[in-house]
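Below is model_18.txt, holding compact mmCIF, C-alpha atoms and all ligand atoms.
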```txt
# COMPACT_ATOMS: atom_id res chain seq x y z
CA MET S 600 0.00 0.00 0.00
CA ARG S 601 1.21 3.49 -0.85
CA PRO S 602 1.33 6.06 1.95
CA ARG S 603 -1.69 8.37 1.99
CA ILE S 604 -1.13 12.02 2.84
CA VAL S 605 -3.18 15.09 3.67
CA ALA S 606 -1.03 18.22 3.60
CA GLY S 607 -1.90 21.83 4.40
CA ASN S 608 -0.16 24.57 2.44
CA TRP S 609 -0.71 27.74 4.45
CA LYS S 610 0.96 29.96 1.83
CA MET S 611 1.86 33.50 3.02
CA GLN S 612 -0.80 33.62 5.69
CA GLY S 613 -0.92 33.77 9.45
CA SER S 614 0.79 35.32 12.46
CA GLN S 615 2.26 33.92 15.67
CA ALA S 616 -1.16 34.04 17.28
CA PHE S 617 -2.78 32.33 14.29
CA VAL S 618 -0.16 29.55 14.23
CA LEU S 619 -0.62 28.93 17.93
CA GLU S 620 -4.39 28.75 17.60
CA LEU S 621 -4.45 26.51 14.52
CA LEU S 622 -1.76 24.11 15.74
CA THR S 623 -3.30 23.89 19.21
CA ALA S 624 -6.56 22.86 17.58
CA LEU S 625 -4.79 20.25 15.43
CA GLN S 626 -2.86 18.99 18.47
CA SER S 627 -6.03 18.35 20.38
CA TYR S 628 -7.57 16.14 17.67
CA ASP S 629 -7.06 12.53 18.67
CA GLY S 630 -7.89 10.87 15.36
CA TRP S 631 -4.50 11.12 13.62
CA ASN S 632 -3.78 7.68 12.36
CA ASP S 633 -0.78 5.87 10.89
CA GLU S 634 -2.79 5.13 7.78
CA VAL S 635 -2.72 8.76 6.60
CA GLU S 636 0.16 11.18 7.17
CA ALA S 637 -0.85 14.73 8.13
CA ILE S 638 1.61 17.50 7.20
CA VAL S 639 1.50 21.29 7.58
CA PHE S 640 3.50 23.82 5.59
CA PRO S 641 3.69 27.10 7.53
CA PRO S 642 5.66 30.16 6.36
CA PHE S 643 9.40 30.04 7.23
CA PRO S 644 9.29 32.28 10.34
CA TYR S 645 6.86 29.89 12.03
CA LEU S 646 8.73 26.64 11.47
CA LEU S 647 10.41 26.67 14.87
CA SER S 648 7.21 27.31 16.79
CA THR S 649 5.61 24.60 14.66
CA GLN S 650 8.40 22.25 15.74
CA ASP S 651 7.76 23.15 19.39
CA LEU S 652 4.05 22.57 19.08
CA LEU S 653 4.06 19.45 16.92
CA GLU S 654 7.16 17.60 18.07
CA LYS S 655 5.21 15.19 20.23
CA THR S 656 2.33 14.71 17.80
CA PRO S 657 2.04 12.46 14.73
CA ILE S 658 1.75 15.58 12.51
CA ALA S 659 4.75 16.35 10.31
CA TRP S 660 5.76 19.76 8.98
CA GLY S 661 7.72 21.25 6.15
CA ALA S 662 8.49 24.41 4.21
CA GLN S 663 6.79 25.83 1.13
CA THR S 664 9.98 26.13 -0.91
CA LEU S 665 13.77 26.01 -0.50
CA SER S 666 16.93 27.21 -2.19
CA GLU S 667 18.68 25.06 -4.73
CA PHE S 668 21.98 26.19 -3.17
CA SER S 669 23.44 24.61 -0.08
CA ASN S 670 24.81 27.77 1.60
CA GLY S 671 26.56 31.05 0.92
CA ALA S 672 25.84 34.57 -0.24
CA TYR S 673 22.22 34.11 -1.38
CA THR S 674 20.37 36.86 0.46
CA GLY S 675 16.84 35.92 1.38
CA GLU S 676 17.18 32.23 0.56
CA VAL S 677 16.69 29.27 2.90
CA SER S 678 18.65 26.06 2.41
CA ALA S 679 17.58 22.44 2.73
CA SER S 680 19.84 21.85 5.74
CA MET S 681 18.27 24.84 7.53
CA LEU S 682 14.92 23.16 7.04
CA THR S 683 16.07 19.82 8.47
CA ASP S 684 17.58 21.83 11.34
CA CYS S 685 14.06 23.11 12.06
CA GLY S 686 12.71 19.58 12.10
CA CYS S 687 11.18 19.67 8.63
CA GLU S 688 10.63 16.31 7.03
CA TYR S 689 8.98 17.57 3.83
CA VAL S 690 9.27 20.51 1.46
CA LEU S 691 7.03 21.72 -1.36
CA VAL S 692 8.87 22.15 -4.63
CA GLY S 693 7.60 23.91 -7.75
CA HIS S 694 4.22 25.04 -6.46
CA SER S 695 2.47 26.81 -9.33
CA GLU S 696 2.64 30.11 -7.46
CA ARG S 697 6.45 29.75 -7.35
CA ARG S 698 6.50 28.90 -11.04
CA GLN S 699 4.10 31.62 -12.15
CA LEU S 700 4.70 34.52 -9.76
CA PHE S 701 8.40 34.02 -9.05
CA GLY S 702 9.51 32.70 -12.41
CA GLU S 703 10.80 29.33 -11.25
CA SER S 704 11.62 27.28 -14.31
CA SER S 705 11.31 23.50 -14.44
CA ALA S 706 15.12 23.31 -14.40
CA GLN S 707 15.28 25.37 -11.21
CA VAL S 708 12.50 23.32 -9.65
CA ALA S 709 14.45 20.17 -10.50
CA ALA S 710 17.57 21.61 -8.83
CA LYS S 711 15.53 22.37 -5.71
CA PHE S 712 14.12 18.85 -5.74
CA VAL S 713 17.65 17.43 -5.85
CA ALA S 714 18.82 19.79 -3.06
CA ALA S 715 15.93 18.60 -0.90
CA LYS S 716 16.73 14.95 -1.52
CA GLN S 717 20.43 15.46 -0.77
CA ALA S 718 19.54 16.91 2.63
CA GLY S 719 17.21 14.01 3.43
CA LEU S 720 13.99 15.97 2.98
CA ILE S 721 11.02 14.45 1.18
CA PRO S 722 10.10 16.78 -1.68
CA ILE S 723 6.51 17.16 -2.81
CA LEU S 724 6.85 18.05 -6.49
CA CYS S 725 3.89 20.15 -7.66
CA VAL S 726 2.86 19.90 -11.28
CA GLY S 727 -0.15 21.13 -13.19
CA GLU S 728 -1.49 22.99 -16.19
CA THR S 729 -3.12 26.41 -16.58
CA LEU S 730 -6.64 26.79 -17.95
CA ALA S 731 -5.29 27.92 -21.33
CA GLU S 732 -3.06 24.85 -21.46
CA ARG S 733 -5.96 22.54 -20.60
CA GLU S 734 -8.16 24.17 -23.22
CA ALA S 735 -5.40 23.76 -25.78
CA ASP S 736 -5.28 20.06 -24.86
CA ARG S 737 -1.77 20.45 -23.48
CA THR S 738 -2.34 19.09 -19.95
CA LEU S 739 -0.27 15.98 -20.46
CA SER S 740 2.55 17.65 -22.31
CA VAL S 741 2.87 20.30 -19.56
CA VAL S 742 2.82 17.77 -16.73
CA THR S 743 5.23 15.52 -18.61
CA GLU S 744 7.70 18.36 -19.14
CA GLN S 745 7.55 19.29 -15.44
CA LEU S 746 8.15 15.69 -14.42
CA GLN S 747 10.84 14.99 -17.01
CA ALA S 748 12.90 17.92 -15.73
CA VAL S 749 13.34 16.01 -12.47
CA LEU S 750 13.68 12.59 -14.11
CA ALA S 751 16.56 14.00 -16.18
CA GLN S 752 18.61 14.69 -13.02
CA PRO S 753 21.31 12.25 -11.88
CA GLY S 754 19.49 9.50 -10.04
CA GLY S 755 16.55 9.70 -12.45
CA ILE S 756 13.56 7.63 -11.45
CA GLU S 757 15.25 6.60 -8.19
CA LEU S 758 14.80 10.18 -6.98
CA PHE S 759 11.11 9.27 -6.66
CA GLU S 760 11.76 6.34 -4.36
CA THR S 761 11.17 8.71 -1.44
CA ALA S 762 9.23 11.60 -2.88
CA VAL S 763 5.68 12.74 -3.43
CA ILE S 764 3.99 14.30 -6.44
CA ALA S 765 1.08 16.74 -6.21
CA TYR S 766 -1.07 17.29 -9.28
CA GLU S 767 -2.51 20.77 -8.94
CA PRO S 768 -4.29 22.17 -11.98
CA VAL S 769 -3.57 25.89 -11.80
CA TRP S 770 -7.17 26.73 -12.77
CA ALA S 771 -8.42 24.93 -9.67
CA ILE S 772 -6.12 26.61 -7.13
CA GLY S 773 -7.91 29.09 -4.91
CA THR S 774 -10.70 29.45 -7.46
CA GLY S 775 -13.35 27.20 -5.95
CA LEU S 776 -13.23 25.19 -9.19
CA THR S 777 -12.18 21.62 -8.50
CA ALA S 778 -11.18 19.05 -11.06
CA THR S 779 -13.81 16.32 -11.11
CA PRO S 780 -12.63 13.05 -9.57
CA ALA S 781 -12.53 11.58 -13.10
CA GLN S 782 -10.49 14.49 -14.51
CA ALA S 783 -7.99 14.29 -11.65
CA GLN S 784 -7.81 10.49 -11.76
CA SER S 785 -7.00 10.51 -15.46
CA VAL S 786 -4.02 12.86 -14.98
CA HIS S 787 -2.85 10.95 -11.88
CA HIS S 788 -3.01 7.74 -13.88
CA GLU S 789 -0.89 9.30 -16.64
CA ILE S 790 1.65 10.57 -14.12
CA ARG S 791 1.94 7.11 -12.60
CA HIS S 792 2.27 5.67 -16.09
CA LEU S 793 5.13 8.09 -16.87
CA LEU S 794 6.96 6.85 -13.76
CA ALA S 795 6.12 3.21 -14.53
CA ILE S 796 7.77 3.40 -17.94
CA GLN S 797 11.02 3.68 -15.99
CA ASP S 798 10.26 1.66 -12.85
CA SER S 799 6.93 0.06 -12.08
CA THR S 800 7.72 -0.57 -8.41
CA ILE S 801 8.61 3.06 -7.75
CA ALA S 802 5.54 4.15 -9.73
CA GLN S 803 3.31 2.02 -7.53
CA GLN S 804 4.91 3.30 -4.33
CA CYS S 805 4.97 7.04 -5.08
CA PRO S 806 2.04 8.93 -3.53
CA ILE S 807 0.31 11.32 -5.95
CA LEU S 808 -1.77 13.99 -4.21
CA TYR S 809 -4.47 16.14 -5.75
CA GLY S 810 -4.59 19.87 -4.99
CA GLY S 811 -6.93 22.63 -6.08
CA SER S 812 -9.95 23.74 -4.04
CA VAL S 813 -10.17 20.53 -2.00
CA LYS S 814 -12.82 20.99 0.69
CA PRO S 815 -14.58 18.74 3.18
CA SER S 816 -17.45 18.44 0.69
CA ASN S 817 -15.40 17.07 -2.22
CA ALA S 818 -12.42 15.38 -0.54
CA THR S 819 -13.90 11.91 -0.05
CA GLU S 820 -14.98 11.57 -3.68
CA LEU S 821 -11.55 12.63 -4.92
CA PHE S 822 -9.69 10.35 -2.51
CA LYS S 823 -11.77 7.33 -3.62
CA GLU S 824 -10.04 7.36 -6.99
CA SER S 825 -7.43 4.64 -7.27
CA ASP S 826 -4.50 6.90 -8.18
CA ILE S 827 -5.34 9.78 -5.82
CA ASP S 828 -3.41 9.20 -2.61
CA GLY S 829 -4.53 12.24 -0.66
CA GLY S 830 -4.52 16.00 -1.04
CA LEU S 831 -2.53 19.21 -0.89
CA ILE S 832 -4.91 21.67 0.69
CA GLY S 833 -4.63 25.46 0.56
CA GLY S 834 -7.53 27.59 1.82
CA ALA S 835 -9.30 24.82 3.71
CA ALA S 836 -6.11 23.98 5.64
CA LEU S 837 -6.34 27.30 7.48
CA LYS S 838 -9.37 26.10 9.44
CA ALA S 839 -8.63 23.23 11.82
CA GLU S 840 -12.09 21.73 11.50
CA ASP S 841 -11.96 21.72 7.69
CA PHE S 842 -8.45 20.28 7.59
CA ILE S 843 -9.49 17.55 10.02
CA ALA S 844 -12.66 16.83 8.04
CA ILE S 845 -10.57 16.44 4.86
CA TYR S 846 -8.14 14.21 6.76
CA ARG S 847 -11.06 12.02 7.84
CA GLY S 848 -12.10 11.83 4.20
CA ALA S 849 -8.74 10.26 3.42
CA LEU S 850 -9.18 7.68 6.17
CA ALA S 851 -12.55 6.59 4.87
P1 LIG P 901 -6.44 25.71 -2.63
O1 LIG P 901 -4.84 25.68 -2.81
O2 LIG P 901 -6.82 24.46 -1.87
O3 LIG P 901 -6.72 26.97 -1.86
O4 LIG P 901 -7.03 25.71 -4.00
C1 LIG P 901 -4.15 24.49 -3.07
C2 LIG P 901 -2.67 24.76 -3.23
O5 LIG P 901 -2.31 25.81 -3.76
O6 LIG P 901 -1.83 23.94 -2.83
```
I'd like the structure from this file rewritten - as structure tokens, please.
Ligand code: PGA
Amino acid sequence: MRPRIVAGNWKMQGSQAFVLELLTALQSYDGWNDEVEAIVFPPFPYLLSTQDLLEKTPIAWGAQTLSEFSNGAYTGEVSASMLTDCGCEYVLVGHSERRQLFGESSAQVAAKFVAAKQAGLIPILCVGETLAEREADRTLSVVTEQLQAVLAQPGGIELFETAVIAYEPVWAIGTGLTATPAQAQSVHHEIRHLLAIQDSTIAQQCPILYGGSVKPSNATELFKESDIDGGLIGGAALKAEDFIAIYRGALA
């Protein structure tokens, strides 16, 4: 069985008071279960307080991005080893907001993925097409290009032995529009197929999460699909009760 994961991407939101309130609420839930891994991705300044609050819970945490460089004169950047130093186990790589708003290319995303792996972090590689790309029937070619950039790195398919992929159609992020379970499943299936061409065991083991307006009301249907192994949740992860409800949807 592949690991199942429900992850909350808080994006650039919150404050110390907010982090304390949300994590205290998550801490007090007693239904976390080995069957589904819960992860939160707070902004950098809150990683240490997250570590303090979550250390003794089954909830893991990570950062929303990282530098591709290991250390040095890179003002404003945060390295993979700094993240492990703050107890991070995971890191998001190539979220569409990083690609679109901050110009991260697939090559740069691949370098970040490799930097994460080298430090022992588990990268969650985000891939997905824009609305224009979907309408032009380019979904698969876009997702393939994003994935191939990582597969082309030294290590190739073996880089995915301990890694996660998140399929997040850009048109579904923060818009309230969700891919239908069938639409998401068909892309997840293709992603798994792309991995399987190189190694069927790794393809079967690699969790593929869906992201894009996942809510308590649609999570269970999405997670029922055979190639959807959980979710990467934005807006709904900022409310403890919604995040927990989505988590329960993955247990079902
Ligand atoms: P959303 O964001 O759930 O608010 O659509 C998902 C994401 O960006 O990871």
Counting all atoms listed in the file, the residue of S:Gly755, S:Pro815, S:Gly834, S:Gly630 that sits nearest ligand LIG 901 (chain P):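 So, comparing all the options, the nearest one is S:Gly834.
Closest to Ala616 of chain S among S:Ser648, S:Thr819, S:Ser799, S:Gln804 is S:Ser648, based on only C-alpha atoms.
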Ligand LIG 901 (chain P) neighbours within 10 Å using all atoms listed in the file, as a ChimeraX atom specification: /S:606-610,640,663,691,694-696,725,765-777,809-814,830-837
Spatial neighbours of Phe712 of chain S, max dist 7 Å, only C-alpha atoms, sep filter under 3 positions, as a PyMOL selection string: chain S and resi 692+708-709+715-716+722
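Atom CA of Asp684 of chain S to atom CA of Ile723 of chain S spans 18.6 Å [interatomic distance, one decimal].
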